[in-house]
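Trainee: Take a look at the following structure, please.
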Amino acid sequence: MTIKEKKILFSDVLSVPEASEEWGVCVDVIKKNARAGKFLPTEARRAGKNWIITRQGMERVFGPKPE
């Protein structure tokens with residue numbers, strides 16, 4: 001592992017519907033941002049037809065998770 005790489009735990013990774021529910025952001029908005037490259041390559045990735053997003057990526061793009 002290089003210095004720039006960071007270990008990501010499974011608990012830090014969300015499906016788009018999970019991220020949508022936690023942040024209150026529409027699924028389509030998250031997908032649109034992912035397709036547009038708003039997330040870093042380490043924050044969002046396609047898994048088949050689905051996107052997976054890290055909590056860190058959601059916080060960077062959409063701000064802190066609402067309480």
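By order of appearance in the structure tokens: chains A, B, ..., then residues from 1 within every chain, and ligands from 1 in the order shown.
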Residues at most 12 Å from segment 21-35 of chain A, counting only C-alpha atoms, excluding those fewer than 6 positions away in the same chain, as a PyMOL selection string?

Mentor: chain A and resi 14-15+41-46+49-55+57-67

Trainee: Can you spit out the residues from that selection as an mmCIF file, in the first residue's frame, using N, CA and C atoms?

Mentor:
```
data_model
loop_
_atom_site.group_PDB
_atom_site.id
_atom_site.type_symbol
_atom_site.label_atom_id
_atom_site.label_comp_id
_atom_site.auth_asym_id
_atom_site.auth_seq_id
_atom_site.Cartn_x
_atom_site.Cartn_y
_atom_site.Cartn_z
ATOM 1 N N LEU A 14 -21.398 2.516 0.805
ATOM 2 C CA LEU A 14 -22.859 2.483 0.733
ATOM 3 C C LEU A 14 -23.318 2.242 -0.692
ATOM 4 N N SER A 15 -24.466 1.601 -0.826
ATOM 5 C CA SER A 15 -25.123 1.578 -2.130
ATOM 6 C C SER A 15 -25.743 2.956 -2.329
ATOM 7 N N PRO A 41 -11.985 8.839 -7.838
ATOM 8 C CA PRO A 41 -12.014 7.398 -8.180
ATOM 9 C C PRO A 41 -12.031 6.487 -6.954
ATOM 10 N N THR A 42 -11.523 6.969 -5.831
ATOM 11 C CA THR A 42 -11.536 6.174 -4.596
ATOM 12 C C THR A 42 -12.834 6.324 -3.812
ATOM 13 N N GLU A 43 -13.751 7.174 -4.292
ATOM 14 C CA GLU A 43 -14.994 7.442 -3.569
ATOM 15 C C GLU A 43 -16.232 6.822 -4.206
ATOM 16 N N ALA A 44 -16.183 6.522 -5.479
ATOM 17 C CA ALA A 44 -17.355 5.964 -6.166
ATOM 18 C C ALA A 44 -16.890 5.006 -7.247
ATOM 19 N N ARG A 45 -17.644 3.942 -7.410
ATOM 20 C CA ARG A 45 -17.280 2.939 -8.402
ATOM 21 C C ARG A 45 -18.529 2.183 -8.847
ATOM 22 N N ARG A 46 -18.522 1.808 -10.111
ATOM 23 C CA ARG A 46 -19.611 0.963 -10.624
ATOM 24 C C ARG A 46 -19.347 -0.474 -10.229
ATOM 25 N N LYS A 49 -24.347 -2.972 -12.631
ATOM 26 C CA LYS A 49 -25.239 -1.866 -12.983
ATOM 27 C C LYS A 49 -25.411 -0.877 -11.832
ATOM 28 N N ASN A 50 -24.805 -1.163 -10.710
ATOM 29 C CA ASN A 50 -24.990 -0.347 -9.512
ATOM 30 C C ASN A 50 -23.747 0.476 -9.202
ATOM 31 N N TRP A 51 -23.956 1.563 -8.495
ATOM 32 C CA TRP A 51 -22.863 2.380 -7.985
ATOM 33 C C TRP A 51 -22.693 2.102 -6.506
ATOM 34 N N ILE A 52 -21.441 2.114 -6.049
ATOM 35 C CA ILE A 52 -21.167 2.104 -4.619
ATOM 36 C C ILE A 52 -20.385 3.375 -4.315
ATOM 37 N N ILE A 53 -20.685 3.959 -3.177
ATOM 38 C CA ILE A 53 -20.160 5.263 -2.811
ATOM 39 C C ILE A 53 -19.616 5.182 -1.389
ATOM 40 N N THR A 54 -18.503 5.861 -1.126
ATOM 41 C CA THR A 54 -17.989 5.904 0.240
ATOM 42 C C THR A 54 -18.655 7.047 1.005
ATOM 43 N N ARG A 55 -18.708 6.878 2.319
ATOM 44 C CA ARG A 55 -19.230 7.950 3.171
ATOM 45 C C ARG A 55 -18.394 9.221 2.997
ATOM 46 N N GLY A 57 -16.846 10.213 0.349
ATOM 47 C CA GLY A 57 -17.231 10.844 -0.907
ATOM 48 C C GLY A 57 -18.534 11.608 -0.785
ATOM 49 N N MET A 58 -19.496 11.014 -0.101
ATOM 50 C CA MET A 58 -20.780 11.691 0.098
ATOM 51 C C MET A 58 -20.580 12.979 0.887
ATOM 52 N N GLU A 59 -19.739 12.926 1.910
ATOM 53 C CA GLU A 59 -19.485 14.118 2.713
ATOM 54 C C GLU A 59 -18.775 15.196 1.897
ATOM 55 N N ARG A 60 -17.845 14.797 1.054
ATOM 56 C CA ARG A 60 -17.108 15.772 0.258
ATOM 57 C C ARG A 60 -18.011 16.437 -0.772
ATOM 58 N N VAL A 61 -18.865 15.636 -1.428
ATOM 59 C CA VAL A 61 -19.721 16.164 -2.495
ATOM 60 C C VAL A 61 -20.981 16.834 -1.957
ATOM 61 N N PHE A 62 -21.611 16.257 -0.950
ATOM 62 C CA PHE A 62 -22.908 16.749 -0.459
ATOM 63 C C PHE A 62 -22.871 17.367 0.933
ATOM 64 N N GLY A 63 -21.723 17.367 1.580
ATOM 65 C CA GLY A 63 -21.609 17.924 2.910
ATOM 66 C C GLY A 63 -21.899 16.885 3.980
ATOM 67 N N PRO A 64 -21.794 17.289 5.236
ATOM 68 C CA PRO A 64 -22.008 16.341 6.337
ATOM 69 C C PRO A 64 -23.410 15.721 6.290
ATOM 70 N N LYS A 65 -23.477 14.501 6.776
ATOM 71 C CA LYS A 65 -24.769 13.805 6.814
ATOM 72 C C LYS A 65 -25.707 14.540 7.770
ATOM 73 N N PRO A 66 -26.921 14.828 7.311
ATOM 74 C CA PRO A 66 -27.887 15.503 8.194
ATOM 75 C C PRO A 66 -28.223 14.630 9.407
ATOM 76 N N GLU A 67 -28.467 15.288 10.499
ATOM 77 C CA GLU A 67 -28.833 14.559 11.737
ATOM 78 C C GLU A 67 -30.279 14.197 11.752
#
```

Trainee: Step one, run DSSP on the backbone; step two, keep only residues of chain A assigned to strand (DSSP E or B); then write them as a list in words.

Mentor: Val13, Leu14, Ser15, Ala44, Arg45, Arg46, Ala47, Asn50, Trp51, Ile52, Ile53 and Thr54 of chain A

Trainee: Enumerate, as a ChimeraX atom specification, the complete set of residues in chain A that a backbone-based DSSP assignment places in alpha helix (DSSP H).

Mentor: /A:16-23,27-35,55-62
